[in-house]
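Q: One structure coming up, written as structure tokens, with questions to follow.
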Amino acid sequence: MNNFSYTTATTAKEATGVRKDSAQAAFIAGGTTLLDLMKLNVEQHPQLVDINMVPFKGISETADGLRIGALERMSDVGENQLVVQQYPAISEALLLSASPQLRNMASIGGNLLQRTRCTYFRDTAFPCNKRNPGSGCPAQTGDNRGLAILGGSTACIATNPGDMAVAMVALDAVVTLENSKGKQRRVPLLDFHLLPGTTPQRETILEADELIVAVTVPAAAHARKSHYVKVRDRASYAFALVSAAVGLDVQGGQIQSARIAMGSVGTKPWRALEAEKMLVGKPATEASFRAAAAAAVRGAAPREHNRFKVEMAQKTIVRALQEITA
């Protein structure tokens with residue numbers, strides 16, 4: 001790890017002002033991802049700006065729905081009764097993430113910005129377009145078991161590793177951002193993460209001098225009847241091989257609205273919009289769920305070692321939908 005300076009900020013303007021003056025500075029809240037990457041020399045920052053004193057906390061019900069401050073800790077949000085009762089998929093995704101110790105430290109904003117666990121990205125002995133643009137992507141023909149089957153490019157097939165973001169994308173979450181001039185903008189989380197294309201080093205639309213202020217999730221019948229299923233190699237402290245966040249509003253046996261998103265299969269949290277449309281107006285049956293699941297992975301481009309994800313993703317979606325309609 002390289003030497004760095006450390007400062008604290010008490011306001012968003014103070015924090016974003018530092019980034020405006022020094023684009024290589026980094027914000028730190030829980031630090032559960034950033035410090036790991038700095039120790040590995042994957043990221044090297046001359047300055048860290050501690051933002052824990054910035055007033056971006058709070059979990060509340062507003063006219064827009066559930067509002068979660070960016071500096072809330074994962075464990076607090078996952079155990080909050082409003083979240084548990086009205087947005088269960090978000091609670092489940094958070095409580096299936098990482099370990100209790102990490103959840104106690106990691107912030108909601110930081111969780112949305114966590115970086116891939118692709119081996120080639122995290123090991124500086126290998127080339128990686130995400131870490132060093134133009135150097136190559138050995139994952140294309142190398143160890144790609146855990147990598148993306150959707151949204152990849154010849155430059156990168158690294159998966160987004162998050163759980164919470166998958167549930168939030170499924171439930172139409174909106175992210176509020178604030179820049180160094182105090183100007184805020186609201187962006188659907190669906191559009192927040194970027195596909196790699198030819199620029200895999202740029203992972204989100206966040207500008208250098210912007211902070212995540214909060215995340216808002218609309219109240220809806222399908223949010224109240226939502227569920228998150230995570231399939232992984234071991235029962236705890238492991239990233240997903242495949243995950244699914246689903247939500248349904250079923251009236252009289254017929255689906256009125258549906259939400260489906262997948263994790264660890266895409267280069268960003270993957271919303272299955274076509275599959276959702278297929279479910280609306282259909283009976284809540286296994287046949288309907290299987291047809292939608294097949295549509296969710298249409299266009300998948302698996303590599304040698306992750307072909308199993310095509311079938312696993314479909315089965316995970318069907319399981320999640322069956323469990324909330326049982």
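Chain lettering (A, B, ...) mirrors the order of the structure tokens, residue numbering begins at 1 for each chain separately, and ligand numbering begins at 1 in order of display.
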Write out as a PyMOL selection string which residues come within 12 Å of stretch 54-59 of chain A when counting only C-alpha atoms, dropping same-chain ones fewer than 4 positions away.
A: chain A and resi 8-16+27-29+49-50+65-74+76-83+107-109+176-178+211-217
Q: Assign secondary structure with DSSP using the backbone only, and return the residues of stretch 171-282 of chain A in strand (DSSP E or B) as a ChimeraX atom specification.
A: /A:174-178,184-188,193,204,211-217,226-231,242-251,254-263,266,270-271
Q: Just checking: using only C-alpha atoms, which residue out of A:Leu113, A:Ala238, A:Ala275, A:Leu195 ends up closest to A:Gly151?
A: A:Leu195
Q: Select from stretch 38-119 of chain A everything DSSP, run on the backbone, classes as alpha helix (DSSP H), then give the selection as number ranges by chain.
A: A: 38-39, 74-79, 81-86, 88-95, 100-105, 108-112, 119
Q: So, with only C-alpha atoms as the atoms that count, which of A:Gln256, A:Gln85, A:Thr267, A:Ser243 lies closest to A:Leu194?
A: A:Thr267
Q: Can you pull out every residue within 12 Å of A:Met164, counting only C-alpha atoms, but drop anything in the same chain fewer than 5 positions away, and send it as a ChimeraX atom specification?
A: /A:74-75,77-78,87-98,103,106-114,169-171,173,189,215,227-230,239-240,243-245,261-264,269
Q: Could you save those same residues with C-alpha atoms as a compact mmCIF listing (two decimals), in the first residue's frame?
A:
# COMPACT_ATOMS: atom_id res chain seq x y z
CA MET A 74 -25.86 -2.53 5.72
CA SER A 75 -26.78 -4.34 8.92
CA VAL A 77 -30.89 -1.32 6.90
CA GLY A 78 -31.25 -5.09 6.60
CA TYR A 87 -39.29 -4.28 1.06
CA PRO A 88 -38.30 -7.83 2.08
CA ALA A 89 -36.07 -8.51 -0.96
CA ILE A 90 -33.79 -5.64 0.09
CA SER A 91 -33.58 -6.91 3.66
CA GLU A 92 -32.87 -10.46 2.52
CA ALA A 93 -30.20 -9.36 0.03
CA LEU A 94 -28.41 -7.31 2.68
CA LEU A 95 -28.50 -10.01 5.33
CA LEU A 96 -27.17 -12.61 2.88
CA SER A 97 -24.22 -10.36 2.04
CA ALA A 98 -20.67 -10.72 3.36
CA ARG A 103 -22.23 -5.57 7.29
CA ALA A 106 -20.08 -1.23 5.08
CA SER A 107 -22.23 1.71 3.97
CA ILE A 108 -25.12 1.63 1.52
CA GLY A 109 -23.39 4.07 -0.82
CA GLY A 110 -20.17 2.10 -0.71
CA ASN A 111 -22.03 -1.13 -1.37
CA LEU A 112 -23.43 0.31 -4.60
CA LEU A 113 -19.89 1.18 -5.66
CA GLN A 114 -18.16 -2.08 -4.76
CA VAL A 169 -32.75 -2.51 -9.28
CA ALA A 170 -35.66 -4.95 -9.28
CA LEU A 171 -37.73 -2.57 -7.14
CA ALA A 173 -34.72 2.30 -6.83
CA LEU A 189 -30.38 2.69 -10.25
CA VAL A 215 -31.41 5.76 -2.33
CA HIS A 227 -37.96 -12.05 -2.37
CA TYR A 228 -34.21 -12.56 -2.89
CA VAL A 229 -32.60 -15.93 -3.56
CA LYS A 230 -28.82 -16.37 -3.56
CA PHE A 239 -20.40 -14.17 -3.36
CA ALA A 240 -23.26 -15.46 -5.47
CA SER A 243 -28.97 -14.63 -7.54
CA ALA A 244 -32.48 -13.40 -8.27
CA ALA A 245 -34.63 -10.64 -6.81
CA ALA A 261 -33.45 -8.81 -11.56
CA MET A 262 -30.45 -11.11 -11.53
CA GLY A 263 -27.08 -10.90 -9.84
CA SER A 264 -23.67 -12.38 -10.69
CA PRO A 269 -27.14 -5.70 -11.76
Q: Taking only C-alpha atoms into account, which of A:Ala235, A:Val42, A:Ala208, A:Leu147 comes nearest A:Ser22?
A: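 With only C-alpha atoms as the atom set, the closest residue is A:Ala208.
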Q: May I ask which of the residues A:Ala223, A:Leu37, A:Met105, A:Cys118 is the closest one to A:Asn52, counting only C-alpha atoms?
A: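 The closest residue to A:Asn52 is A:Met105.
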Q: How far is it from atom CA of A:Lys268 to atom CA of A:Ala125, in Å with one decimal?
A: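 Distance reported for this atom pair: 25.0 Å.
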Q: Find the residues near A:Pro138: any atom within 8 Å, counting only C-alpha atoms, skip ones fewer than 6 places away on the same chain, and give them as a PDB file with N, CA and C atoms, in the first residue's frame.
A:
ATOM      1  N   TYR A 120      -8.565 -11.609 -12.175  1.00  0.00           N
ATOM      2  CA  TYR A 120      -7.588 -10.891 -12.994  1.00  0.00           C
ATOM      3  C   TYR A 120      -7.573  -9.400 -12.668  1.00  0.00           C
ATOM      4  N   PHE A 126      -1.560  -9.788 -13.508  1.00  0.00           N
ATOM      5  CA  PHE A 126      -2.241 -10.050 -14.767  1.00  0.00           C
ATOM      6  C   PHE A 126      -2.645  -8.737 -15.440  1.00  0.00           C
ATOM      7  N   PRO A 127      -2.757  -8.737 -16.765  1.00  0.00           N
ATOM      8  CA  PRO A 127      -3.350  -7.581 -17.445  1.00  0.00           C
ATOM      9  C   PRO A 127      -4.843  -7.523 -17.147  1.00  0.00           C
ATOM     10  N   CYS A 128      -5.425  -6.342 -17.223  1.00  0.00           N
ATOM     11  CA  CYS A 128      -6.864  -6.176 -16.988  1.00  0.00           C
ATOM     12  C   CYS A 128      -7.297  -4.834 -17.549  1.00  0.00           C
TER      13      CYS A 128
END
Q: Please provide the set of residues having any atom within 8 Å of A:Arg303, restricted to only C-alpha atoms, with same-chain residues fewer than 6 positions apart removed, written as a list in words.
A: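 Everything that qualifies: Gln140, Thr141, Asn144 and Ile149 of chain A.
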Q: Near A:Glu323, within 12 Å and counting only C-alpha atoms, which residues show up once chain neighbours fewer than 4 positions away are dropped, as a list in words?
A: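 In the requested form, the answer reads Lys225, Ser226, His227, Tyr228, Val229, Ala244, Ala245, Val246, Gly247, Leu248, Ala284, Thr285, Glu286, Phe289, Thr316, Ile317, Val318 and Arg319 of chain A.
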Q: Tell me which protein, DNA and RNA residues are within 8 Å of A:Asn41, counting only C-alpha atoms, leaving out same-chain ones fewer than 2 positions away, and put them as a VMD selection string.
A: chain A and resid 1 to 2 37 to 39 43 to 44 124
Q: Closest to A:Leu150 among A:Arg232, A:Lys277, A:Arg290, A:Arg271, using only C-alpha atoms?
A: A:Arg271
